[in-house]
$ cat work07.cif   # mmCIF, C-alpha atoms
data_upload
loop_
_atom_site.label_atom_id
_atom_site.label_comp_id
_atom_site.auth_asym_id
_atom_site.auth_seq_id
_atom_site.Cartn_x
_atom_site.Cartn_y
_atom_site.Cartn_z
CA MET S 1 0.00 0.00 0.00
CA GLY S 2 2.00 2.96 -1.28
CA SER S 3 5.43 2.84 0.35
CA LEU S 4 4.24 0.41 3.04
CA GLU S 5 4.59 -3.37 2.87
CA VAL S 6 3.38 -6.02 5.30
CA ARG S 7 5.34 -9.28 5.50
CA LEU S 8 7.08 -11.65 7.88
CA ALA S 9 10.60 -11.07 9.13
CA ARG S 10 13.06 -13.03 6.99
CA LYS S 11 16.22 -12.83 9.07
CA LYS S 12 17.44 -12.14 12.59
CA SER S 13 18.42 -8.56 11.80
CA GLU S 14 14.80 -7.80 10.91
CA ILE S 15 13.61 -9.28 14.21
CA ARG S 16 16.12 -7.04 15.98
CA ARG S 17 14.62 -4.04 14.18
CA ALA S 18 11.17 -5.10 15.40
CA GLN S 19 12.57 -5.43 18.92
CA ARG S 20 14.02 -1.92 18.72
CA LEU S 21 10.61 -0.60 17.66
CA ARG S 22 9.02 -2.40 20.60
CA TYR S 23 11.58 -0.85 22.96
CA LYS S 24 10.90 2.62 21.59
CA VAL S 25 7.14 2.27 22.04
CA PHE S 26 6.93 0.19 25.24
CA TYR S 27 9.89 1.58 27.21
CA GLU S 28 10.49 5.09 25.90
CA GLU S 29 6.94 6.18 25.12
CA MET S 30 4.91 4.03 27.50
CA ALA S 31 5.60 2.89 31.07
CA ALA S 32 7.44 -0.42 30.70
CA THR S 33 10.43 -0.96 33.02
CA PRO S 34 13.53 -2.22 31.20
CA ASN S 35 16.03 -4.60 32.75
CA ALA S 36 19.77 -4.04 32.40
CA LEU S 37 20.00 -6.05 29.17
CA ALA S 38 17.18 -4.08 27.55
CA ILE S 39 18.81 -0.78 28.54
CA LEU S 40 22.12 -1.85 26.99
CA SER S 41 20.66 -3.31 23.81
CA ARG S 42 17.73 -0.88 23.51
CA ARG S 43 15.59 -3.81 22.39
CA ASP S 44 12.52 -5.46 23.89
CA GLU S 45 13.24 -9.18 23.67
CA ASP S 46 12.45 -12.41 25.47
CA ALA S 47 12.99 -16.13 25.03
CA TYR S 48 9.72 -16.46 23.11
CA ASP S 49 10.94 -14.30 20.24
CA ALA S 50 12.90 -17.27 18.88
CA ILE S 51 9.77 -19.34 18.26
CA PHE S 52 7.33 -16.63 17.14
CA ASP S 53 6.88 -15.46 13.57
CA HIS S 54 7.27 -11.69 13.42
CA LEU S 55 4.91 -9.71 11.22
CA LEU S 56 6.33 -6.38 10.07
CA VAL S 57 5.01 -3.25 8.43
CA VAL S 58 7.94 -1.83 6.49
CA ASP S 59 8.13 1.69 5.05
CA HIS S 60 10.31 1.72 1.94
CA GLY S 61 10.14 5.48 1.56
CA ASP S 62 9.23 7.55 -1.48
CA PRO S 63 11.62 6.77 -4.37
CA ALA S 64 10.71 10.10 -5.99
CA LYS S 65 12.10 12.01 -3.01
CA THR S 66 15.34 10.16 -2.39
CA ALA S 67 17.77 8.11 -4.39
CA TRP S 68 18.32 5.62 -1.58
CA ARG S 69 16.84 5.13 1.81
CA ARG S 70 17.00 2.20 4.18
CA SER S 71 13.57 0.71 4.75
CA LYS S 72 12.13 1.26 8.24
CA VAL S 73 10.09 -1.12 10.41
CA VAL S 74 7.12 0.96 11.60
CA GLY S 75 4.75 -1.69 12.91
CA THR S 76 4.99 -5.21 14.26
CA TYR S 77 3.03 -8.14 15.71
CA ARG S 78 4.30 -11.53 16.71
CA ILE S 79 2.36 -14.73 16.03
CA LEU S 80 2.79 -18.21 17.51
CA ARG S 81 1.18 -21.29 16.01
CA GLN S 82 -0.07 -24.06 18.27
CA ASP S 83 2.15 -26.74 16.75
CA ILE S 84 5.23 -24.63 17.48
CA ALA S 85 4.02 -23.78 20.99
CA ASP S 86 3.44 -27.49 21.72
CA GLU S 87 7.03 -28.28 20.72
CA ASN S 88 8.39 -25.65 23.10
CA ASP S 89 7.13 -24.10 26.35
CA GLY S 90 3.53 -23.44 25.33
CA PHE S 91 1.90 -20.08 24.76
CA TYR S 92 3.18 -16.88 26.36
CA THR S 93 -0.38 -16.06 27.49
CA GLN S 94 -0.38 -19.05 29.84
CA GLY S 95 1.70 -16.94 32.23
CA GLU S 96 -1.35 -14.76 32.95
CA TYR S 97 -4.39 -16.86 32.00
CA ASP S 98 -5.21 -20.53 32.43
CA ILE S 99 -5.73 -21.22 28.73
CA ALA S 100 -4.78 -24.92 28.89
CA PRO S 101 -8.33 -26.19 29.72
CA LEU S 102 -9.79 -24.28 26.77
CA ILE S 103 -7.21 -25.66 24.35
CA GLN S 104 -7.73 -29.20 25.68
CA SER S 105 -11.50 -28.84 25.27
CA LYS S 106 -11.07 -27.92 21.58
CA PRO S 107 -8.89 -30.73 20.15
CA GLY S 108 -10.07 -29.99 16.62
CA CYS S 109 -9.16 -26.28 16.79
CA ASN S 110 -5.85 -24.77 15.73
CA PHE S 111 -4.99 -21.95 18.14
CA MET S 112 -2.73 -19.01 17.28
CA GLU S 113 -1.37 -16.45 19.72
CA LEU S 114 -0.98 -12.77 18.85
CA GLY S 115 1.07 -10.37 20.93
CA ARG S 116 3.63 -7.56 21.28
CA SER S 117 1.75 -5.34 18.84
CA CYS S 118 2.97 -1.80 18.37
CA VAL S 119 3.14 0.91 15.71
CA LEU S 120 5.49 3.89 15.50
CA LYS S 121 3.62 7.02 16.53
CA PRO S 122 3.52 8.85 13.14
CA TYR S 123 2.06 5.71 11.56
CA ARG S 124 -0.79 5.13 14.01
CA ASN S 125 -3.57 5.48 11.53
CA ARG S 126 -6.16 3.33 9.81
CA ARG S 127 -3.86 2.59 6.87
CA THR S 128 -1.14 0.94 8.97
CA VAL S 129 -3.58 -0.92 11.23
CA GLU S 130 -5.42 -2.23 8.18
CA LEU S 131 -2.15 -3.51 6.70
CA LEU S 132 -1.31 -5.29 9.96
CA TRP S 133 -4.72 -6.93 10.00
CA GLN S 134 -4.36 -7.97 6.35
CA GLY S 135 -1.07 -9.62 7.28
CA ILE S 136 -2.51 -11.36 10.34
CA TRP S 137 -5.56 -12.57 8.45
CA SER S 138 -3.46 -13.86 5.53
CA TYR S 139 -1.29 -15.74 8.03
CA VAL S 140 -4.33 -17.22 9.81
CA ARG S 141 -5.85 -18.36 6.53
CA GLN S 142 -2.56 -19.72 5.19
CA HIS S 143 -1.95 -21.84 8.30
CA GLY S 144 -5.56 -22.83 8.94
CA GLY S 145 -5.99 -20.97 12.20
CA ASP S 146 -9.30 -21.50 14.00
CA VAL S 147 -8.89 -19.39 17.13
CA MET S 148 -6.79 -16.30 17.87
CA ILE S 149 -5.83 -15.60 21.47
CA GLY S 150 -3.64 -13.05 23.21
CA CYS S 151 -3.57 -10.23 25.71
CA ALA S 152 -4.53 -6.63 24.98
CA SER S 153 -3.73 -3.83 27.37
CA PHE S 154 -5.03 -0.76 29.13
CA PRO S 155 -2.33 1.73 30.14
CA GLY S 156 -1.30 1.85 33.77
CA VAL S 157 -1.40 -0.57 36.70
CA ASP S 158 -4.47 0.82 38.46
CA PRO S 159 -7.48 -1.15 37.17
CA ALA S 160 -9.83 1.17 39.10
CA SER S 161 -8.93 3.97 36.70
CA HIS S 162 -10.51 1.86 33.95
CA ALA S 163 -13.53 0.75 35.98
CA MET S 164 -16.09 1.87 33.40
CA ALA S 165 -14.41 0.15 30.43
CA LEU S 166 -13.52 -3.03 32.34
CA SER S 167 -17.05 -3.33 33.71
CA PHE S 168 -18.44 -2.82 30.20
CA LEU S 169 -16.27 -5.70 28.95
CA HIS S 170 -17.36 -7.89 31.88
CA HIS S 171 -21.06 -7.30 31.27
CA THR S 172 -21.15 -7.31 27.46
CA ALA S 173 -18.19 -9.26 26.05
CA GLN S 174 -17.17 -11.93 28.55
CA ALA S 175 -16.71 -15.31 26.89
CA PRO S 176 -19.55 -17.82 27.22
CA GLU S 177 -18.90 -21.11 29.00
CA GLU S 178 -17.74 -22.80 25.80
CA TRP S 179 -14.88 -20.28 25.44
CA HIS S 180 -14.40 -19.39 29.10
CA VAL S 181 -10.85 -18.66 30.27
CA ARG S 182 -10.00 -17.34 33.73
CA ALA S 183 -6.98 -15.40 34.87
CA HIS S 184 -4.77 -17.29 37.31
CA ASP S 185 -6.25 -16.77 40.77
CA HIS S 186 -3.11 -15.18 42.24
CA LEU S 187 -3.11 -12.57 39.45
CA ARG S 188 -6.82 -12.08 38.78
CA VAL S 189 -8.44 -8.66 39.22
CA ASP S 190 -12.24 -8.67 39.14
CA MET S 191 -13.49 -6.62 36.17
CA ASN S 192 -17.02 -6.36 37.60
CA MET S 193 -16.39 -3.00 39.27
CA MET S 194 -19.69 -1.33 38.39
CA PRO S 195 -23.23 -2.72 38.04
CA LYS S 196 -24.40 -3.04 34.45
CA GLU S 197 -27.02 -0.32 34.80
CA ALA S 198 -24.36 2.17 35.96
CA VAL S 199 -22.15 1.66 32.92
CA ASN S 200 -22.35 4.39 30.28
CA MET S 201 -21.73 2.46 27.06
CA ARG S 202 -20.61 5.50 25.06
CA ALA S 203 -18.17 6.62 27.76
CA ALA S 204 -16.85 3.08 28.17
CA LEU S 205 -16.15 2.71 24.45
CA LYS S 206 -14.53 6.13 24.30
CA ALA S 207 -12.17 5.09 27.12
CA MET S 208 -11.34 1.78 25.44
CA PRO S 209 -7.93 1.33 23.74
CA PRO S 210 -8.40 1.23 19.93
CA LEU S 211 -6.93 -2.28 19.66
CA ILE S 212 -9.50 -3.72 22.07
CA LYS S 213 -12.34 -1.93 20.28
CA GLY S 214 -11.08 -3.40 17.02
CA TYR S 215 -11.15 -6.93 18.42
CA LEU S 216 -14.68 -6.40 19.73
CA ARG S 217 -15.86 -5.26 16.29
CA LEU S 218 -14.50 -8.49 14.84
CA GLY S 219 -16.49 -10.56 17.34
CA ALA S 220 -13.93 -11.29 20.07
CA TYR S 221 -14.71 -12.49 23.59
CA ILE S 222 -12.98 -11.29 26.75
CA GLY S 223 -11.52 -13.59 29.40
CA ASP S 224 -12.58 -13.67 33.05
CA GLY S 225 -10.56 -11.14 35.04
CA ALA S 226 -7.85 -8.61 34.28
CA VAL S 227 -4.15 -8.99 35.11
CA ILE S 228 -1.68 -6.29 36.12
CA ASP S 229 1.60 -6.49 34.20
CA ARG S 230 4.01 -4.43 36.27
CA GLN S 231 6.96 -4.86 33.91
CA PHE S 232 5.05 -3.25 31.05
CA GLY S 233 2.98 -0.92 33.21
CA THR S 234 -0.34 -2.19 31.86
CA THR S 235 -3.60 -3.81 32.87
CA ASP S 236 -4.19 -6.77 30.56
CA VAL S 237 -7.35 -8.47 29.35
CA LEU S 238 -7.53 -11.71 27.40
CA ILE S 239 -8.83 -11.73 23.84
CA VAL S 240 -10.43 -14.94 22.49
CA LEU S 241 -11.42 -14.66 18.82
CA PRO S 242 -12.83 -17.78 17.13
CA VAL S 243 -12.51 -17.37 13.36
CA GLU S 244 -16.02 -18.73 12.85
CA HIS S 245 -17.39 -15.82 14.90
CA ILE S 246 -15.70 -13.04 12.93
CA ASN S 247 -18.26 -10.64 11.53
CA ALA S 248 -18.81 -11.74 7.92
CA ARG S 249 -18.85 -8.19 6.60
CA TYR S 250 -15.07 -8.06 7.03
CA PHE S 251 -14.57 -10.98 4.63
CA ALA S 252 -15.54 -8.88 1.62
CA HIS S 253 -12.48 -6.74 2.29
CA PHE S 254 -9.96 -9.21 3.70
CA GLY S 255 -11.11 -12.51 2.18
CA ALA S 256 -13.21 -15.36 3.54
CA PRO S 257 -11.61 -18.16 5.61
CA GLY S 258 -11.93 -20.73 2.80
CA ASP S 259 -10.41 -18.52 0.10
CA VAL S 260 -6.82 -18.96 -1.03
CA ALA S 261 -4.74 -16.61 1.12
CA PRO S 262 -1.86 -14.51 -0.25
CA ALA S 263 1.41 -16.25 0.53
CA LEU S 264 3.34 -14.93 3.52
CA SER S 265 6.64 -16.80 3.55
CA SER S 266 7.40 -17.85 7.10
CA GLY S 267 10.63 -16.81 8.74
CA PHE S 268 10.40 -19.60 11.32
CA GLY S 269 13.29 -22.03 11.00
CA THR S 270 14.99 -20.04 8.23
CA LEU S 271 16.55 -17.21 10.19
CA ASN S 272 20.10 -16.29 9.27
#

$ encode --input "work07.cif" --output "structure tokens"
Amino acid sequence: MGSLEVRLARKKSEIRRAQRLRYKVFYEEMAATPNALAILSRRDEDAYDAIFDHLLVVDHGDPAKTAWRRSKVVGTYRILRQDIADENDGFYTQGEYDIAPLIQSKPGCNFMELGRSCVLKPYRNRRTVELLWQGIWSYVRQHGGDVMIGCASFPGVDPASHAMALSFLHHTAQAPEEWHVRAHDHLRVDMNMMPKEAVNMRAALKAMPPLIKGYLRLGAYIGDGAVIDRQFGTTDVLIVLPVEHINARYFAHFGAPGDVAPALSSGFGTLN
């Protein structure tokens, strides 16, 4: 789309560029607390990065304005397939939410985990977000994903400051029993902070982070309970998005699940 391209990282140096973007957004702009290694490297990285595929939005610049310019990573998401998670230490989300019973109850479903999403500030617009979603959806279709899971965040570590929005999610979007997932008891914060009749829907949606609103529009469910992530300075909620529940009106733009997806060559196992 213009100078922007969405694709998977093809080599380790591109993953490092995504990690530097994550550091800039999470640690310099937001409230994440870096450890000594992150301060020295100026990258947000963890052991899971080695097994995730890394989706990138790359800006190649305007060739009419410059003879040569190094492309820039301006957006990223990381995606973990269930078969890869099963071969390693499971899904990252398991650290906050007890997702194992749900996965075990759906032996015919292929789960995929999304996380570490961020976009460079000047690019936070519909165009970039749409490209990221096109990349995610192409990946899901290419690999036969049935369910997308992952955490989305509210800023700050005081859930009470988001009482209206969290209560709205509890009353209107909490997963039904079939898709129920609960935060680990020692981490769980009750999202039912206000009675349903006291929640102003318009105010709650206005206070909602755009990413969470986007998931809700697609048909996502929310897990039971929020979790405070003190390292990243956020209050997390769990997103559970069965592909079969995605609003069909989006398929006209992004393609239906059964259509042939555009190829996104996977970087997993081919990093150099």

$ closest_atom_pairs --input "work07.cif" --of "range 61-107 of chain S" --to "range 131-148 of chain S" --cutoff "8 Å" --atoms "only C-alpha atoms" --output "tab-separated table"
residue	atom	partner	partner_atom	distance
S:Gly75	CA	S:Leu132	CA	7.6
S:Thr76	CA	S:Leu132	CA	7.6
S:Tyr77	CA	S:Leu132	CA	7.7

$ closest_residue --input "work07.cif" --among "S:Cys151, S:Val25, S:Leu56, S:Ala32" --to "Phe232 in chain S" --atoms "all atoms listed in the file"
S:Ala32

$ residues_around --input "work07.cif" --residues "Gly214 in chain S" --least-positions-apart "2" --cutoff "12 Å" --atoms "all atoms listed in the file" --output "list in words"
Arg126, Val129, Glu130, Trp133, Ala152, Leu205, Met208, Pro209, Pro210, Leu211, Ile212, Leu216, Arg217, Leu218, Gly219, Ala220, Tyr221, Ile239, Leu241, Ile246, Asn247 and Tyr250 of chain S

$ residues_around --input "work07.cif" --residues "range 18-24 of chain S" --least-positions-apart "5" --cutoff "8 Å" --atoms "only C-alpha atoms" --output "number ranges by chain"
S: 29, 38, 42-45, 54, 56, 73-76, 116, 118-120

$ write_last_selection --input "work07.cif" --atoms "C-alpha atoms" --output "short mmCIF file (atom, residue, chain, number, x, y, z; two decimals), in the coordinates of the input"
data_model
loop_
_atom_site.label_atom_id
_atom_site.label_comp_id
_atom_site.auth_asym_id
_atom_site.auth_seq_id
_atom_site.Cartn_x
_atom_site.Cartn_y
_atom_site.Cartn_z
CA GLU S 29 6.94 6.18 25.12
CA ALA S 38 17.18 -4.08 27.55
CA ARG S 42 17.73 -0.88 23.51
CA ARG S 43 15.59 -3.81 22.39
CA ASP S 44 12.52 -5.46 23.89
CA GLU S 45 13.24 -9.18 23.67
CA HIS S 54 7.27 -11.69 13.42
CA LEU S 56 6.33 -6.38 10.07
CA VAL S 73 10.09 -1.12 10.41
CA VAL S 74 7.12 0.96 11.60
CA GLY S 75 4.75 -1.69 12.91
CA THR S 76 4.99 -5.21 14.26
CA ARG S 116 3.63 -7.56 21.28
CA CYS S 118 2.97 -1.80 18.37
CA VAL S 119 3.14 0.91 15.71
CA LEU S 120 5.49 3.89 15.50
#

$ resolve_selection --input "work07.cif" --expression "the PyMOL selection byres ((chain S and resi 186-193) around 6)" --output "ChimeraX atom specification"
/S:163,166-167,170,183-185,194,225-227
